Structures are given as structure tokens and as C-alpha cells.
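Below is one structure, written out as C-alpha cells; the observations come after it.
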Amino acid sequence: MANQDKLDTTDIKMLKILQQNSRLTVKELAAKVNLSPTPAFERQKRLERDGYIQRYAAIADHHKLGNNVIVLCNIRLKQHTHDLIQQFMDAVQSIDQITECYNTTGDYDFLIKVYARDMKDYQDFMLNTLGNISCVGSLHSVIVIGEIKDSHVIPVARYEEENH
């Protein structure tokens with residue numbers, strides 16, 4: 001069994017499999033990694049406990065939910081003070097249309113991913129949601145015209161290469 005600091009090839013295989021389908025039963029997962037169910041279950045629980053698996057989630061189809069526009073929006077704050085940065089980060093947490101937020105380097109301070117029903121909905125979001133966050137200085141919107149790859153799978157092969 002791998003210790004807490006290092007994953008073995010079975011752990012890595014389990015992570016790959018569970019990222020593709022987290023609804024597998026323990027018996028199905030065990031068969032895929034050539035273990036009996038009890039050791040597979042114990043490994044899965046250890047991966048969860050050690051933080052390699054943070055949570056399990058259903059990935060919804062944004063089109064079926066009526067969110068036909070994806071916007072990547074670069075945000076520049078008015079000033080770079082601790083209070084304003086924290087104010088923006090706190091505000092983002094309560095806005096459902098923002099599904100991802102990253103603190104970035106370069107010309108902008110943050111990059112957010114926003115889902116909207118249509119362009120009018122995004123305009124309303126810009127004016128009435130982002131516009132009400134007083135620390136926002138400027139923004140630059142990039143409208144997604146096509147999704148080429150939308151993966152929530154974290155590459156574990158690189159971990160395997162570095163640690164074996």
C-alpha cells in the first residue's frame with residue numbers, strides 16, 4: 001500500500017478510472033484495478049481522506065439548462081489592496097453564474113468563467129452583477145464561439161512519471 005506522500009500505480013489507475021466514472025461500484029472498480037473489493041474500497045477511502053479525491057460531482061449539460069453562452073472575463077480591480085482583493089473574492093463566491101475564478105498575473109487580476117442564457121443575459125450580468133461590485137475597475141470579455149475540449153479530468157500520468 002502506498003504511503004500518504006506517494007501514490008503507487010494502482011492508486012493512479014484508480015484516480016484515472018474514478019475521474020472518468022465516479023459512479024462505479026466498489027466491485028466494478030476493484031475488477032478494473034485487479035483487486036478484491038475490500039482493498040479497493042480501502043484505497044478509495046484513503047485517496048479521499050488524503051485529499052487526492054476532493055469530491056464527486058455530476059457534470060450538467062449547460063446547453064440543456066439553457067446556458068448557451070460561455071464568457072471568459074478578465075477583471076482588473078481599481079486598486080490592489082488586501083481589502084479590495086478580498087472583497088472581490090468574497091463577492092464571486094455568491095454569484096452562481098460564475099463557475100470558475102482564477103487570480104492571475106499580467107494585465108488583469110482575475111479570470112472568471114461565466115455562463116449566460118444569451119448575450120442579453122450576459123449584458124445584464126455585466127451591468128447589474130459585476131457592475132455592482134465596487135472594487136471592479138475594468139473588464140475584458142471573451143465570448144466562447146466553440147468548445148473544443150471541456151474536461152474536468154486532472155492529468156495523473158505526469159505524477160506517475162515524476163514519482164516512479
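By convention here, the chains of the C-alpha cells are called A, B, ... in the order presented, each chain's residues are numbered starting at 1, and ligands are numbered starting at 1 in the order presented.
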
Within 8 Å of A:Gln20, counting only C-alpha atoms, which residues qualify if same-chain residues fewer than 3 places away don't, as a list in words?
Lys16, Ile17 and Val153 of chain A

Counting only C-alpha atoms, which residue out of A:Leu84, A:Leu18, A:Leu72, A:Ala30 sits closest to A:Cys101?
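Among A:Leu84, A:Leu18, A:Leu72, A:Ala30, it is A:Leu72 that comes nearest to A:Cys101.
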
Contacts of A:Lys27 within 10 Å, only C-alpha atoms, excl. fewer than 4 positions in-chain, as a VMD selection string
chain A and resid 31 to 32 35 to 38 40 to 41

Would you save the residues from that selection as a short mmCIF file (atom, residue, chain, number, x, y, z; two decimals), in the first residue's frame, using N, CA, C and O atoms?
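The result, written out as part.cif:
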```cif
data_model
loop_
_atom_site.label_atom_id
_atom_site.label_comp_id
_atom_site.auth_asym_id
_atom_site.auth_seq_id
_atom_site.Cartn_x
_atom_site.Cartn_y
_atom_site.Cartn_z
N ALA A 31 -12.51 -4.69 -9.90
CA ALA A 31 -12.22 -5.53 -11.08
C ALA A 31 -11.32 -4.80 -12.06
O ALA A 31 -10.43 -5.41 -12.67
N LYS A 32 -11.52 -3.50 -12.23
CA LYS A 32 -10.73 -2.73 -13.19
C LYS A 32 -9.28 -2.55 -12.74
O LYS A 32 -8.40 -2.31 -13.56
N LEU A 35 -8.06 -5.87 -8.00
CA LEU A 35 -8.06 -6.06 -6.55
C LEU A 35 -9.39 -6.67 -6.15
O LEU A 35 -10.36 -6.62 -6.91
N SER A 36 -9.45 -7.19 -4.95
CA SER A 36 -10.74 -7.61 -4.42
C SER A 36 -11.43 -6.35 -3.87
O SER A 36 -10.78 -5.32 -3.65
N PRO A 37 -12.74 -6.40 -3.66
CA PRO A 37 -13.46 -5.19 -3.25
C PRO A 37 -12.97 -4.52 -1.97
O PRO A 37 -12.89 -3.29 -1.92
N THR A 38 -12.62 -5.26 -0.95
CA THR A 38 -12.22 -4.63 0.32
C THR A 38 -10.96 -3.79 0.16
O THR A 38 -10.96 -2.61 0.56
N ALA A 40 -9.80 -2.44 -2.54
CA ALA A 40 -10.15 -1.33 -3.44
C ALA A 40 -10.91 -0.25 -2.68
O ALA A 40 -10.63 0.95 -2.82
N PHE A 41 -11.86 -0.67 -1.85
CA PHE A 41 -12.62 0.26 -1.04
C PHE A 41 -11.70 1.03 -0.09
O PHE A 41 -11.80 2.25 0.04
#
```

Nearest candidate to A:Ile133 (options A:Asp150, A:Asp107, A:Glu48, A:Asp90; using only C-alpha atoms)
A:Asp90

Using only C-alpha atoms, determine which residues lie at most 10 Å from A:Pro39, disregarding the query and same-chain residues fewer than 5 positions distant; provide the list as a PDB file with all heavy atoms, in the first residue's frame.
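The resulting selection_22.pdb:
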```
ATOM      1  N   MET A   1       0.854  -1.186   0.000  1.00  0.00           N
ATOM      2  CA  MET A   1       0.000   0.000   0.000  1.00  0.00           C
ATOM      3  C   MET A   1       0.886   1.232   0.000  1.00  0.00           C
ATOM      4  O   MET A   1       1.856   1.295   0.732  1.00  0.00           O
ATOM      5  CB  MET A   1      -0.893  -0.017   1.240  1.00  0.00           C
ATOM      6  CG  MET A   1      -1.824   1.149   1.338  1.00  0.00           C
ATOM      7  SD  MET A   1      -3.364   0.927   0.454  1.00  0.00           S
ATOM      8  CE  MET A   1      -4.338   0.119   1.671  1.00  0.00           C
ATOM      9  N   VAL A  26     -17.895  -0.358  -5.921  1.00  0.00           N
ATOM     10  CA  VAL A  26     -16.591  -0.812  -5.433  1.00  0.00           C
ATOM     11  C   VAL A  26     -16.193  -2.098  -6.152  1.00  0.00           C
ATOM     12  O   VAL A  26     -15.033  -2.273  -6.536  1.00  0.00           O
ATOM     13  CB  VAL A  26     -16.612  -1.013  -3.904  1.00  0.00           C
ATOM     14  CG1 VAL A  26     -15.330  -1.666  -3.426  1.00  0.00           C
ATOM     15  CG2 VAL A  26     -16.827   0.308  -3.196  1.00  0.00           C
ATOM     16  N   ALA A  30     -12.882  -2.408  -8.305  1.00  0.00           N
ATOM     17  CA  ALA A  30     -11.921  -3.438  -7.912  1.00  0.00           C
ATOM     18  C   ALA A  30     -11.528  -4.305  -9.103  1.00  0.00           C
ATOM     19  O   ALA A  30     -10.346  -4.601  -9.303  1.00  0.00           O
ATOM     20  CB  ALA A  30     -12.506  -4.291  -6.788  1.00  0.00           C
ATOM     21  N   GLN A  44      -9.676   3.578  -2.042  1.00  0.00           N
ATOM     22  CA  GLN A  44     -10.502   4.712  -2.438  1.00  0.00           C
ATOM     23  C   GLN A  44     -10.739   5.645  -1.249  1.00  0.00           C
ATOM     24  O   GLN A  44     -10.618   6.866  -1.370  1.00  0.00           O
ATOM     25  CB  GLN A  44     -11.831   4.233  -3.015  1.00  0.00           C
ATOM     26  CG  GLN A  44     -12.705   5.365  -3.526  1.00  0.00           C
ATOM     27  CD  GLN A  44     -13.985   4.871  -4.179  1.00  0.00           C
ATOM     28  OE1 GLN A  44     -14.206   3.673  -4.327  1.00  0.00           O
ATOM     29  NE2 GLN A  44     -14.826   5.806  -4.568  1.00  0.00           N
ATOM     30  N   LYS A  45     -11.048   5.090  -0.093  1.00  0.00           N
ATOM     31  CA  LYS A  45     -11.273   5.903   1.109  1.00  0.00           C
ATOM     32  C   LYS A  45      -9.996   6.643   1.513  1.00  0.00           C
ATOM     33  O   LYS A  45     -10.042   7.792   1.949  1.00  0.00           O
ATOM     34  CB  LYS A  45     -11.796   5.046   2.266  1.00  0.00           C
ATOM     35  CG  LYS A  45     -13.205   4.563   2.049  1.00  0.00           C
ATOM     36  CD  LYS A  45     -14.139   5.742   1.864  1.00  0.00           C
ATOM     37  CE  LYS A  45     -15.498   5.331   1.385  1.00  0.00           C
ATOM     38  NZ  LYS A  45     -16.284   6.458   0.900  1.00  0.00           N
TER      39      LYS A  45
END
```
